[in-house]
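Participant: This is final-v4.csv (CSV, C-alpha atoms and all ligand atoms).
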chain,number,residue,atom,x,y,z
A,1,MET,CA,-16.2,90.2,-109.7
A,2,LYS,CA,-12.8,89.9,-111.3
A,3,PRO,CA,-11.3,86.5,-111.3
A,4,LEU,CA,-9.0,85.5,-108.4
A,5,SER,CA,-5.3,84.6,-108.8
A,6,LYS,CA,-4.5,82.2,-111.7
A,7,LYS,CA,-1.3,81.2,-109.9
A,8,VAL,CA,-3.2,79.9,-106.8
A,9,ALA,CA,-6.0,78.4,-108.9
A,10,ALA,CA,-3.4,76.2,-110.5
A,11,ILE,CA,-2.4,74.7,-107.1
A,12,VAL,CA,-4.0,71.6,-105.8
A,13,PRO,CA,-5.0,71.4,-102.1
A,14,SER,CA,-2.7,69.3,-99.9
A,15,ALA,CA,-4.0,65.7,-100.2
A,16,THR,CA,-2.4,64.7,-96.9
A,17,ILE,CA,-4.3,67.4,-95.0
A,18,GLU,CA,-7.5,67.0,-97.0
A,19,ILE,CA,-7.7,63.2,-96.3
A,20,SER,CA,-6.9,63.7,-92.7
A,21,ASN,CA,-9.6,66.4,-92.5
A,22,ARG,CA,-12.1,63.9,-94.0
A,23,ALA,CA,-11.1,61.3,-91.5
A,24,LYS,CA,-11.6,63.8,-88.6
A,25,LYS,CA,-15.0,64.7,-89.9
A,26,MET,CA,-16.0,61.1,-90.0
A,27,GLN,CA,-14.7,60.7,-86.4
A,28,ARG,CA,-16.8,63.7,-85.3
A,29,GLU,CA,-19.8,62.0,-86.8
A,30,GLY,CA,-19.1,59.1,-84.5
A,31,ILE,CA,-17.4,56.7,-86.9
A,32,ASP,CA,-14.4,54.9,-85.5
A,33,VAL,CA,-11.9,55.8,-88.3
A,34,ILE,CA,-8.3,54.8,-87.9
A,35,SER,CA,-6.3,57.6,-89.4
A,36,LEU,CA,-3.1,56.4,-91.0
A,37,SER,CA,-3.3,59.2,-93.5
A,38,ILE,CA,-1.3,62.0,-92.0
A,39,GLY,CA,2.4,61.9,-91.1
A,40,GLU,CA,2.3,63.0,-87.5
A,41,PRO,CA,4.0,61.4,-84.5
A,42,ASP,CA,1.3,60.3,-82.0
A,43,PHE,CA,3.6,61.1,-79.1
A,44,ASP,CA,3.3,64.2,-76.9
A,45,THR,CA,6.2,66.6,-77.1
A,46,PRO,CA,8.7,65.5,-74.4
A,47,LYS,CA,8.2,67.2,-71.0
A,48,HIS,CA,11.6,69.0,-70.8
A,49,ILE,CA,10.8,70.8,-74.1
A,50,ARG,CA,7.3,71.8,-73.0
A,51,ASP,CA,8.7,73.0,-69.7
A,52,ALA,CA,11.3,75.2,-71.4
A,53,CYS,CA,8.5,76.8,-73.5
A,54,ILE,CA,6.4,77.4,-70.4
A,55,ASP,CA,9.3,78.9,-68.6
A,56,ALA,CA,10.0,81.2,-71.5
A,57,LEU,CA,6.3,82.3,-71.5
A,58,ASN,CA,6.4,82.9,-67.8
A,59,ARG,CA,9.6,85.0,-68.0
A,60,GLY,CA,8.0,87.2,-70.6
A,61,GLU,CA,9.4,85.9,-73.8
A,62,THR,CA,6.3,87.0,-75.5
A,63,HIS,CA,7.7,89.8,-77.7
A,64,TYR,CA,9.1,90.0,-81.2
A,65,ALA,CA,12.4,88.3,-81.6
A,66,PRO,CA,15.0,88.7,-84.4
A,67,SER,CA,13.4,87.6,-87.6
A,68,ASN,CA,15.8,84.8,-88.4
A,69,GLY,CA,15.4,83.3,-84.9
A,70,ILE,CA,16.6,83.8,-81.3
A,71,PRO,CA,20.5,83.7,-81.2
A,72,GLU,CA,20.4,80.8,-78.8
A,73,LEU,CA,18.5,78.7,-81.3
A,74,LEU,CA,20.6,79.8,-84.3
A,75,SER,CA,23.7,78.7,-82.3
A,76,ALA,CA,22.2,75.4,-81.2
A,77,ILE,CA,21.3,74.6,-84.8
A,78,SER,CA,24.7,75.6,-86.1
A,79,GLU,CA,26.4,73.4,-83.5
A,80,LYS,CA,24.0,70.5,-84.3
A,81,ILE,CA,24.7,70.7,-88.0
A,82,THR,CA,28.5,71.1,-87.7
A,83,GLY,CA,28.6,68.3,-85.1
A,84,GLU,CA,26.2,65.8,-86.6
A,85,ASN,CA,25.7,66.5,-90.3
A,86,ASN,CA,29.4,66.7,-91.3
A,87,PHE,CA,29.4,70.1,-92.9
A,88,SER,CA,30.3,73.5,-91.4
A,89,CYS,CA,27.5,75.9,-90.5
A,90,LYS,CA,27.7,79.3,-88.8
A,91,PRO,CA,24.7,80.8,-87.0
A,92,ASP,CA,24.3,83.4,-89.8
A,93,GLN,CA,23.7,80.5,-92.2
A,94,VAL,CA,20.5,79.5,-90.4
A,95,ILE,CA,16.9,80.7,-90.6
A,96,VAL,CA,14.2,79.4,-88.3
A,97,ALA,CA,10.8,79.4,-90.0
A,98,CYS,CA,7.2,78.5,-89.1
A,99,GLY,CA,7.7,74.8,-89.8
A,100,ALA,CA,9.9,73.1,-92.4
A,101,LYS,CA,7.2,73.7,-94.9
A,102,ASP,CA,7.6,77.5,-94.5
A,103,ALA,CA,11.4,77.1,-94.8
A,104,ILE,CA,10.9,75.1,-98.1
A,105,TYR,CA,8.6,77.9,-99.5
A,106,GLU,CA,11.0,80.7,-98.5
A,107,GLY,CA,13.9,78.7,-100.1
A,108,MET,CA,12.1,78.4,-103.4
A,109,GLU,CA,11.2,82.1,-103.4
A,110,ALA,CA,14.8,83.0,-102.7
A,111,VAL,CA,16.3,80.9,-105.5
A,112,LEU,CA,13.8,80.7,-108.4
A,113,ASN,CA,12.9,83.0,-111.3
A,114,PRO,CA,9.9,82.5,-113.5
A,115,GLY,CA,10.6,79.6,-115.9
A,116,ASP,CA,13.4,78.1,-113.9
A,117,GLU,CA,13.1,74.3,-113.8
A,118,VAL,CA,13.2,72.3,-110.6
A,119,LEU,CA,13.9,68.6,-110.7
A,120,LEU,CA,11.6,66.6,-108.4
A,121,LEU,CA,12.3,63.0,-107.6
A,122,THR,CA,9.0,61.1,-107.4
A,123,PRO,CA,7.2,59.7,-105.5
A,124,ALA,CA,7.4,63.1,-103.7
A,125,TRP,CA,5.7,64.7,-100.8
A,126,VAL,CA,2.7,66.8,-101.7
A,127,SER,CA,4.0,70.3,-100.9
A,128,TYR,CA,7.2,70.6,-103.0
A,129,GLU,CA,5.4,71.2,-106.3
A,130,PRO,CA,3.0,73.9,-105.0
A,131,CYS,CA,5.9,75.7,-103.3
A,132,VAL,CA,7.8,75.7,-106.7
A,133,GLN,CA,4.7,76.9,-108.5
A,134,MET,CA,4.1,79.7,-106.1
A,135,ALA,CA,7.7,80.8,-106.5
A,136,GLY,CA,7.1,80.9,-110.3
A,137,GLY,CA,9.3,77.8,-111.1
A,138,LYS,CA,8.5,74.8,-113.3
A,139,ILE,CA,8.5,71.3,-112.0
A,140,VAL,CA,10.3,68.5,-114.0
A,141,LYS,CA,9.6,65.1,-112.5
A,142,HIS,CA,11.9,62.1,-112.5
A,143,ALA,CA,10.6,58.8,-111.1
A,144,VAL,CA,13.1,56.9,-109.0
A,145,ASN,CA,13.4,53.2,-109.7
A,146,GLN,CA,10.2,51.6,-108.2
A,147,LYS,CA,12.0,48.4,-107.1
A,148,THR,CA,15.1,49.8,-105.4
A,149,PHE,CA,13.9,53.4,-104.8
A,150,GLN,CA,17.4,54.5,-105.7
A,151,LEU,CA,18.7,56.6,-108.6
A,152,ASP,CA,20.6,55.8,-111.8
A,153,ASP,CA,22.1,57.8,-114.7
A,154,SER,CA,18.7,58.2,-116.3
A,155,LEU,CA,18.3,61.2,-114.0
A,156,LEU,CA,20.9,63.1,-116.2
A,157,GLU,CA,18.4,63.1,-119.1
A,158,ARG,CA,16.1,65.5,-117.3
A,159,VAL,CA,18.6,68.3,-117.1
A,160,THR,CA,18.1,71.2,-119.5
A,161,THR,CA,19.6,74.7,-119.8
A,162,SER,CA,16.8,75.9,-117.6
A,163,THR,CA,17.4,73.5,-114.7
A,164,LYS,CA,18.2,75.5,-111.6
A,165,MET,CA,17.5,73.2,-108.7
A,166,ILE,CA,16.9,69.6,-107.6
A,167,VAL,CA,14.7,68.7,-104.6
A,168,VAL,CA,15.9,65.7,-102.5
A,169,ASN,CA,14.1,64.1,-99.6
A,170,SER,CA,15.9,61.3,-97.9
A,171,PRO,CA,14.5,59.5,-95.9
A,172,SER,CA,11.6,59.9,-98.2
A,173,ASN,CA,8.0,60.8,-97.5
A,174,PRO,CA,6.0,58.9,-98.9
A,175,SER,CA,8.2,55.9,-99.8
A,176,GLY,CA,10.2,55.6,-96.6
A,177,ALA,CA,13.3,54.9,-98.8
A,178,VAL,CA,16.7,56.2,-97.8
A,179,PHE,CA,19.1,57.1,-100.6
A,180,ASP,CA,22.4,55.2,-100.5
A,181,LYS,CA,25.8,56.8,-101.0
A,182,LYS,CA,25.7,56.0,-104.7
A,183,SER,CA,22.5,57.9,-105.3
A,184,MET,CA,23.6,60.8,-103.1
A,185,ASN,CA,26.9,61.0,-105.0
A,186,LEU,CA,25.0,61.0,-108.3
A,187,ILE,CA,22.9,64.0,-107.2
A,188,ALA,CA,26.1,65.8,-106.0
A,189,ASP,CA,27.9,65.2,-109.3
A,190,LEU,CA,24.8,66.4,-111.2
A,191,CYS,CA,24.7,69.6,-109.2
A,192,GLN,CA,28.4,70.2,-109.6
A,193,ASP,CA,28.5,69.4,-113.3
A,194,HIS,CA,25.5,71.6,-114.2
A,195,ASP,CA,25.9,74.3,-111.5
A,196,LEU,CA,22.6,73.5,-109.8
A,197,TYR,CA,21.2,74.4,-106.4
A,198,ALA,CA,19.8,71.6,-104.2
A,199,MET,CA,17.2,71.6,-101.6
A,200,SER,CA,17.7,68.6,-99.3
A,201,ASP,CA,14.8,68.0,-97.0
A,202,GLU,CA,16.2,66.0,-94.1
A,203,ILE,CA,13.3,66.3,-91.7
A,204,TYR,CA,13.2,62.5,-91.2
A,205,GLU,CA,17.0,62.2,-90.6
A,206,LYS,CA,16.5,60.8,-87.0
A,207,LEU,CA,14.0,58.2,-88.1
A,208,VAL,CA,16.2,55.6,-89.9
A,209,TYR,CA,16.2,51.9,-89.3
A,210,GLY,CA,19.5,50.2,-89.9
A,211,LYS,CA,20.7,52.6,-92.7
A,212,GLY,CA,22.8,55.7,-92.0
A,213,HIS,CA,21.6,59.2,-92.9
A,214,ILE,CA,23.8,61.1,-95.4
A,215,SER,CA,23.5,64.9,-95.5
A,216,LEU,CA,23.7,66.1,-99.2
A,217,ALA,CA,25.7,69.2,-98.1
A,218,SER,CA,28.4,67.0,-96.6
A,219,ILE,CA,29.5,65.8,-100.1
A,220,GLY,CA,32.1,67.7,-102.1
A,221,ASP,CA,31.2,71.4,-102.5
A,222,MET,CA,27.5,70.8,-102.0
A,223,ALA,CA,27.4,73.0,-98.8
A,224,HIS,CA,27.9,76.0,-101.2
A,225,ARG,CA,24.8,75.2,-103.2
A,226,THR,CA,22.5,73.3,-100.9
A,227,ILE,CA,19.5,74.5,-98.8
A,228,THR,CA,19.2,71.9,-96.1
A,229,ILE,CA,15.8,71.7,-94.6
A,230,ASN,CA,15.0,70.3,-91.2
A,231,GLY,CA,12.7,70.9,-88.2
A,232,PHE,CA,11.3,69.7,-85.0
A,233,SER,CA,8.0,68.2,-86.0
A,234,LYS,CA,9.1,64.6,-86.6
A,235,ALA,CA,12.2,64.0,-84.4
A,236,TYR,CA,10.7,65.7,-81.3
A,237,ALA,CA,7.0,65.3,-81.9
A,238,MET,CA,6.4,69.0,-82.2
A,239,THR,CA,4.1,69.3,-85.3
A,240,GLY,CA,1.8,71.9,-83.8
A,241,TRP,CA,4.7,74.1,-82.6
A,242,ARG,CA,5.3,75.1,-86.3
A,243,LEU,CA,9.0,75.3,-86.1
A,244,GLY,CA,11.5,74.3,-88.8
A,245,TYR,CA,14.7,75.7,-90.2
A,246,ALA,CA,16.9,76.0,-93.2
A,247,VAL,CA,20.7,76.0,-93.4
A,248,ALA,CA,22.3,77.5,-96.5
A,249,PRO,CA,25.0,79.8,-97.8
A,250,LYS,CA,24.6,83.3,-96.2
A,251,GLU,CA,23.5,84.9,-99.5
A,252,ILE,CA,20.5,82.5,-99.8
A,253,ILE,CA,19.6,82.9,-96.1
A,254,ASN,CA,19.6,86.7,-96.6
A,255,GLU,CA,17.1,86.4,-99.4
A,256,MET,CA,14.9,84.0,-97.4
A,257,SER,CA,15.1,86.4,-94.5
A,258,LYS,CA,13.4,89.1,-96.7
A,259,VAL,CA,10.6,86.8,-97.5
A,260,GLN,CA,10.2,85.9,-93.9
A,261,GLN,CA,10.3,89.6,-92.7
A,262,HIS,CA,7.5,90.5,-95.0
A,263,SER,CA,5.3,87.5,-94.4
A,264,VAL,CA,5.4,85.8,-91.0
A,265,SER,CA,8.1,88.1,-89.5
A,266,GLN,CA,9.5,85.2,-87.4
A,267,ALA,CA,8.7,81.9,-85.7
A,268,THR,CA,6.9,82.2,-82.3
A,269,THR,CA,9.3,83.5,-79.7
A,270,PHE,CA,8.5,81.2,-76.7
A,271,ALA,CA,8.2,78.2,-79.0
A,272,MET,CA,11.8,78.8,-80.1
A,273,TRP,CA,12.9,78.4,-76.5
A,274,GLY,CA,11.3,74.9,-76.5
A,275,ALA,CA,13.4,74.1,-79.6
A,276,VAL,CA,16.6,75.2,-77.8
A,277,ALA,CA,15.8,72.7,-75.1
A,278,ALA,CA,15.0,70.0,-77.8
A,279,LEU,CA,18.5,70.4,-79.4
A,280,LYS,CA,20.5,71.0,-76.2
A,281,GLY,CA,18.7,68.5,-73.9
A,282,ASP,CA,18.9,64.8,-73.5
A,283,GLN,CA,18.4,63.0,-76.8
A,284,HIS,CA,17.1,59.8,-75.3
A,285,CYS,CA,13.5,60.9,-76.1
A,286,VAL,CA,14.4,60.8,-79.8
A,287,GLU,CA,15.8,57.3,-79.6
A,288,GLU,CA,12.8,56.1,-77.6
A,289,MET,CA,10.4,57.3,-80.2
A,290,ARG,CA,12.5,56.0,-83.0
A,291,ALA,CA,12.6,52.6,-81.3
A,292,GLU,CA,8.8,52.6,-81.0
A,293,PHE,CA,8.4,53.5,-84.6
A,294,ASP,CA,10.7,50.7,-85.5
A,295,ARG,CA,8.7,48.2,-83.6
A,296,ARG,CA,5.5,49.3,-85.4
A,297,ARG,CA,7.4,49.3,-88.7
A,298,ILE,CA,8.5,45.7,-88.3
A,299,TYR,CA,4.9,44.7,-87.3
A,300,ILE,CA,3.1,46.5,-90.2
A,301,MET,CA,5.6,45.3,-92.9
A,302,LYS,CA,5.2,41.7,-91.7
A,303,GLU,CA,1.4,42.0,-91.8
A,304,LEU,CA,1.4,43.6,-95.2
A,305,SER,CA,3.7,41.0,-96.6
A,306,ARG,CA,1.5,38.3,-95.1
A,307,MET,CA,-1.5,39.8,-96.9
A,308,GLY,CA,0.5,39.6,-100.2
A,309,TYR,CA,1.3,43.2,-100.6
A,310,GLU,CA,4.6,44.4,-102.2
A,311,THR,CA,6.1,47.4,-100.3
A,312,ALA,CA,8.8,49.9,-100.8
A,313,PRO,CA,11.9,49.5,-98.6
A,314,ALA,CA,10.8,51.0,-95.3
A,315,ASP,CA,14.2,52.2,-94.2
A,316,GLY,CA,13.2,55.5,-92.8
A,317,ALA,CA,10.5,58.0,-91.8
A,318,PHE,CA,7.2,56.4,-90.6
A,319,TYR,CA,5.5,55.3,-93.8
A,320,ALA,CA,4.7,52.0,-95.3
A,321,PHE,CA,4.3,52.5,-99.1
A,322,VAL,CA,2.2,49.7,-100.4
A,323,LYS,CA,1.8,48.6,-104.0
A,324,VAL,CA,-1.9,47.9,-105.0
A,325,GLU,CA,-3.4,46.5,-108.1
A,326,GLY,CA,-5.9,48.8,-109.6
A,327,ASP,CA,-6.8,52.4,-108.9
A,328,ASP,CA,-5.1,53.6,-105.7
A,329,MET,CA,-7.7,56.4,-105.3
A,330,ALA,CA,-10.6,53.9,-105.5
A,331,ILE,CA,-8.9,51.4,-103.2
A,332,ALA,CA,-8.0,54.1,-100.6
A,333,SER,CA,-11.7,55.3,-100.8
A,334,ARG,CA,-12.8,51.7,-100.1
A,335,TRP,CA,-10.5,51.4,-97.2
A,336,LEU,CA,-11.9,54.6,-95.8
A,337,GLU,CA,-15.6,54.2,-96.6
A,338,LYS,CA,-15.9,50.4,-95.9
A,339,GLY,CA,-12.9,49.7,-93.6
A,340,HIS,CA,-12.8,53.0,-91.8
A,341,VAL,CA,-9.0,53.2,-92.3
A,342,ALA,CA,-7.8,56.5,-93.7
A,343,ALA,CA,-4.7,56.2,-96.0
A,344,THR,CA,-3.2,58.5,-98.7
A,345,PRO,CA,-3.4,57.3,-102.3
A,346,GLY,CA,0.0,57.3,-104.1
A,347,SER,CA,-1.4,59.5,-106.9
A,348,ALA,CA,-1.1,62.4,-104.5
A,349,PHE,CA,2.6,61.8,-104.5
A,350,ASP,CA,2.9,61.1,-108.3
A,351,ALA,CA,2.9,57.4,-107.7
A,352,PRO,CA,-0.3,55.9,-108.9
A,353,GLY,CA,-0.7,52.3,-108.0
A,354,TRP,CA,0.6,52.8,-104.5
A,355,ILE,CA,-0.9,53.7,-101.1
A,356,ARG,CA,0.8,55.4,-98.2
A,357,LEU,CA,0.1,54.2,-94.7
A,358,SER,CA,1.5,56.1,-91.8
A,359,TYR,CA,2.5,53.9,-88.9
A,360,ALA,CA,2.7,56.8,-86.5
A,361,ALA,CA,-0.2,55.3,-84.6
A,362,SER,CA,-0.4,53.0,-81.6
A,363,MET,CA,0.2,49.2,-81.9
A,364,ASP,CA,-3.4,48.5,-81.0
A,365,ARG,CA,-4.7,50.8,-83.7
A,366,LEU,CA,-2.3,49.4,-86.2
A,367,ARG,CA,-3.4,45.8,-85.4
A,368,GLU,CA,-7.0,46.9,-85.9
A,369,ALA,CA,-6.2,48.7,-89.1
A,370,MET,CA,-4.5,45.6,-90.5
A,371,GLU,CA,-7.5,43.5,-89.7
A,372,ARG,CA,-9.8,46.0,-91.4
A,373,ILE,CA,-7.7,46.2,-94.5
A,374,ARG,CA,-7.6,42.4,-94.7
A,375,ASP,CA,-11.4,42.4,-94.5
A,376,VAL,CA,-12.1,45.0,-97.2
A,377,GLY,CA,-9.2,43.9,-99.4
A,378,GLY,CA,-7.4,45.9,-102.0
A,379,ASN,CA,-5.7,43.8,-104.6
B,1,LIG,N1,9.0,67.8,-95.4
B,1,LIG,C1,8.5,66.6,-95.3
B,1,LIG,C2,9.1,65.5,-96.2
B,1,LIG,C3,7.4,66.3,-94.5
B,1,LIG,O1,6.8,65.1,-94.5
B,1,LIG,C4,6.8,67.3,-93.7
B,1,LIG,C5,5.6,67.0,-92.9
B,1,LIG,N2,4.6,67.9,-92.8
B,1,LIG,C6,7.4,68.6,-93.8
B,1,LIG,C7,8.5,68.8,-94.6
B,1,LIG,C8,6.9,69.8,-93.1
B,1,LIG,O2,7.1,69.7,-91.7
B,1,LIG,P1,6.7,70.9,-90.7
B,1,LIG,O3,5.7,70.3,-89.8
B,1,LIG,O4,8.0,71.2,-90.0
B,1,LIG,O5,6.2,72.0,-91.6
B,2,LIG,N1,4.1,65.6,-93.7
B,2,LIG,C1,2.9,65.0,-93.2
B,2,LIG,C2,2.3,64.2,-94.3
B,2,LIG,O1,2.8,64.1,-95.3
B,2,LIG,C3,2.0,66.1,-92.6
B,2,LIG,C4,1.0,66.7,-93.4
B,2,LIG,C5,1.6,67.7,-94.4
B,2,LIG,O2,2.1,68.7,-93.9
B,2,LIG,O3,1.5,67.4,-95.6
B,2,LIG,O4,1.3,63.6,-94.0
So that I can check it, write out the structure of this file as structure tokens.
Ligand code: PMP
Ligand code: GLU
Facilitator:
Amino acid sequence: MKPLSKKVAAIVPSATIEISNRAKKMQREGIDVISLSIGEPDFDTPKHIRDACIDALNRGETHYAPSNGIPELLSAISEKITGENNFSCKPDQVIVACGAKDAIYEGMEAVLNPGDEVLLLTPAWVSYEPCVQMAGGKIVKHAVNQKTFQLDDSLLERVTTSTKMIVVNSPSNPSGAVFDKKSMNLIADLCQDHDLYAMSDEIYEKLVYGKGHISLASIGDMAHRTITINGFSKAYAMTGWRLGYAVAPKEIINEMSKVQQHSVSQATTFAMWGAVAALKGDQHCVEEMRAEFDRRRIYIMKELSRMGYETAPADGAFYAFVKVEGDDMAIASRWLEKGHVAATPGSAFDAPGWIRLSYAASMDRLREAMERIRDVGGN
């Protein structure tokens, strides 16, 4: 047989999904594994959102819809962005995709040519690099300061004549860090000075604890050069719905639309009606979930510190990023095999020496997990 695609062969599988699959397999074998490996809210999607989807199904919203999304959802997103994120967005600057991940992939395809360099701030979530690779781009990594998890001028040294885009993810998966105004301004200045595009993944914008969220596109002329990524998975506990979106200048959306038309066609029609209810409905559910994550965050950070672990500032998202002494892969394996706690090694995020724990699990499970980690140790 002739060899399969070299491009795909060069891509590594998603570590977050692989470890979670491994934990699920152990659970099926009857082992009581506590899975803190995947970033997924443990809450059910709020009832009014589920009801809106069921109503849509029952009234026959089971057909193809416009590829970029139903007009009601495009309007709801444009109103949300204009009202909350401090930059102007018209419905034709929005595309609804099958999850934020799909929106990221389409955005990369729309912007990149072979050989274009994309700056990635590490530690970084696992899927940015493969999306860039699949679109033919080349990743150039820049590690953020591992004490403050903020940026400084050393970022400028990574720019070459081939740099086309920078990927920003604040609040960050995996570190939980939130970029302050200075870091965000530095990125904006860099983009403006070197005529770069930015992809700003703001999927955790609603999960911040004490710090405010800043949308990159709200700074200077950034709205003209930024693809803002967002979705419903994290804020509304809708991971399995596979709904996300991108907001960008119309010319970029038009290119993303072509990729979407020839791949997934559109997001699921009746699911999009649920998303309309999510954005237009009462937002108390978002605050309730955020407050519960905050409670767990405070607990887990206290416990980790009591055990002597250093951690990244957990100002957003639902991850504790823990510094370990030694090989993070070996330590995460020990936590899983001996302690039956699944966690994701930092190496998967280009941060060897760290381990990511998702605290999107019940307090009882978190308490048990902390005891098990204490028992099997790490440092
Ligand atoms: N961006 C980040 C930073 C994430 O953590 C995730 C979680 N999977 C995604 C994007 C993708 O989310 P979605 O479920 O909407 O595809
Ligand atoms: N974003 C989550 C995580 O990092 C979900 C899994 C994934 O899509 O990578 O664990």
Participant: If you count only C-alpha atoms, which residues fall within 12 Å of Glu368 (chain A), apart from same-chain ones fewer than 4 positions away, as a compact mmCIF listing (two decimals) with C-alpha atoms, in the coordinates of the input?
Facilitator:
# COMPACT_ATOMS: atom_id res chain seq x y z
CA ASP A 32 -14.40 54.90 -85.50
CA VAL A 33 -11.90 55.80 -88.30
CA ILE A 34 -8.30 54.80 -87.90
CA SER A 35 -6.30 57.60 -89.40
CA LEU A 36 -3.10 56.40 -91.00
CA ILE A 300 3.10 46.50 -90.20
CA GLU A 303 1.40 42.00 -91.80
CA GLY A 339 -12.90 49.70 -93.60
CA HIS A 340 -12.80 53.00 -91.80
CA VAL A 341 -9.00 53.20 -92.30
CA ALA A 361 -0.20 55.30 -84.60
CA SER A 362 -0.40 53.00 -81.60
CA MET A 363 0.20 49.20 -81.90
CA ASP A 364 -3.40 48.50 -81.00
CA ARG A 372 -9.80 46.00 -91.40
CA ILE A 373 -7.70 46.20 -94.50
CA ARG A 374 -7.60 42.40 -94.70
CA ASP A 375 -11.40 42.40 -94.50
Participant: Within 10 Å of ligand LIG 2 (chain B), which residues of chain A come that close, and what is the closest atom pair and distance in Å for each? Count all atoms listed in the file and give it as JSON lines.
Facilitator:
{"residue": "A:Ser14", "atom": "CA", "partner": "B:LIG2", "partner_atom": "O3", "distance": 6.3}
{"residue": "A:Ala15", "atom": "CA", "partner": "B:LIG2", "partner_atom": "O3", "distance": 7.4}
{"residue": "A:Thr16", "atom": "CA", "partner": "B:LIG2", "partner_atom": "O4", "distance": 4.8}
{"residue": "A:Ile17", "atom": "CA", "partner": "B:LIG2", "partner_atom": "C4", "distance": 5.6}
{"residue": "A:Glu18", "atom": "CA", "partner": "B:LIG2", "partner_atom": "O3", "distance": 9.1}
{"residue": "A:Ile19", "atom": "CA", "partner": "B:LIG2", "partner_atom": "O4", "distance": 9.3}
{"residue": "A:Ser20", "atom": "CA", "partner": "B:LIG2", "partner_atom": "O4", "distance": 8.3}
{"residue": "A:Leu36", "atom": "CA", "partner": "B:LIG2", "partner_atom": "O4", "distance": 9.0}
{"residue": "A:Ser37", "atom": "CA", "partner": "B:LIG2", "partner_atom": "O4", "distance": 6.4}
{"residue": "A:Ile38", "atom": "CA", "partner": "B:LIG2", "partner_atom": "O4", "distance": 3.6}
{"residue": "A:Gly39", "atom": "CA", "partner": "B:LIG2", "partner_atom": "O4", "distance": 3.5}
{"residue": "A:Glu40", "atom": "CA", "partner": "B:LIG2", "partner_atom": "C3", "distance": 6.0}
{"residue": "A:Pro41", "atom": "CA", "partner": "B:LIG2", "partner_atom": "C1", "distance": 9.5}
{"residue": "A:Gly99", "atom": "CA", "partner": "B:LIG2", "partner_atom": "O2", "distance": 9.2}
{"residue": "A:Ala100", "atom": "CA", "partner": "B:LIG2", "partner_atom": "O2", "distance": 9.1}
{"residue": "A:Lys101", "atom": "CA", "partner": "B:LIG2", "partner_atom": "O2", "distance": 7.2}
{"residue": "A:Ala124", "atom": "CA", "partner": "B:LIG2", "partner_atom": "O1", "distance": 9.6}
{"residue": "A:Trp125", "atom": "CA", "partner": "B:LIG2", "partner_atom": "O1", "distance": 6.2}
{"residue": "A:Val126", "atom": "CA", "partner": "B:LIG2", "partner_atom": "O3", "distance": 6.2}
{"residue": "A:Ser127", "atom": "CA", "partner": "B:LIG2", "partner_atom": "O3", "distance": 6.5}
{"residue": "A:Tyr128", "atom": "CA", "partner": "B:LIG2", "partner_atom": "O3", "distance": 9.9}
{"residue": "A:Asn173", "atom": "CA", "partner": "B:LIG2", "partner_atom": "O1", "distance": 6.5}
{"residue": "A:Pro174", "atom": "CA", "partner": "B:LIG2", "partner_atom": "O1", "distance": 7.1}
{"residue": "A:Ile203", "atom": "CA", "partner": "B:LIG2", "partner_atom": "N1", "distance": 9.4}
{"residue": "A:Tyr204", "atom": "CA", "partner": "B:LIG2", "partner_atom": "N1", "distance": 9.9}
{"residue": "A:Ser233", "atom": "CA", "partner": "B:LIG2", "partner_atom": "N1", "distance": 9.0}
{"residue": "A:Lys234", "atom": "CA", "partner": "B:LIG2", "partner_atom": "N1", "distance": 8.7}
{"residue": "A:Thr239", "atom": "CA", "partner": "B:LIG2", "partner_atom": "C3", "distance": 8.2}
{"residue": "A:Phe318", "atom": "CA", "partner": "B:LIG2", "partner_atom": "O4", "distance": 9.9}
{"residue": "A:Tyr319", "atom": "CA", "partner": "B:LIG2", "partner_atom": "O4", "distance": 9.3}
{"residue": "A:Ala343", "atom": "CA", "partner": "B:LIG2", "partner_atom": "O4", "distance": 9.7}
{"residue": "A:Thr344", "atom": "CA", "partner": "B:LIG2", "partner_atom": "O4", "distance": 8.3}
{"residue": "A:Phe349", "atom": "CA", "partner": "B:LIG2", "partner_atom": "O1", "distance": 9.5}
{"residue": "A:Arg356", "atom": "CA", "partner": "B:LIG2", "partner_atom": "O4", "distance": 9.2}
{"residue": "A:Leu357", "atom": "CA", "partner": "B:LIG2", "partner_atom": "O4", "distance": 9.5}
{"residue": "A:Ser358", "atom": "CA", "partner": "B:LIG2", "partner_atom": "O4", "distance": 7.8}
Participant: Using all atoms listed in the file, find the one residue out of A:Asp102, A:Asp315, A:Glu310, A:Glu255 that sits nearest to ligand LIG 1 (chain B).
Facilitator: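 Nearest candidate to ligand LIG 1 (chain B) out of A:Asp102, A:Asp315, A:Glu310, A:Glu255: A:Asp102.
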Participant: Residues at most 7 Å from region 205-208 of chain A, counting all atoms listed in the file, excluding those fewer than 2 positions away in the same chain, as a PyMOL selection string?
Facilitator: chain A and resi 171+202-203+210-213+235+290+315-317
Participant: Which one is closest to ligand LIG 1 (chain B): A:Gln146, A:Ser218, A:Asn230, A:Thr268? Count all atoms listed in the file.
Facilitator: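 For ligand LIG 1 (chain B), the nearest of the given residues is A:Asn230.
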Participant: For Gly353 (chain A), which residue out of A:Trp241, A:Phe321, A:Trp273, A:Phe293 is the nearest one, using only C-alpha atoms?
Facilitator: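 Between A:Trp241, A:Phe321, A:Trp273, A:Phe293, the residue approaching Gly353 (chain A) most closely is A:Phe321.
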Participant: Within 7 Å of Tyr197 (chain A), counting all atoms listed in the file, which residues qualify if same-chain residues fewer than 6 places away don't, as a list in words?
Facilitator: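 Listing them by chain and then by number gives Lys164, Met165, Ile166, Cys191, Arg225 and Thr226 of chain A.
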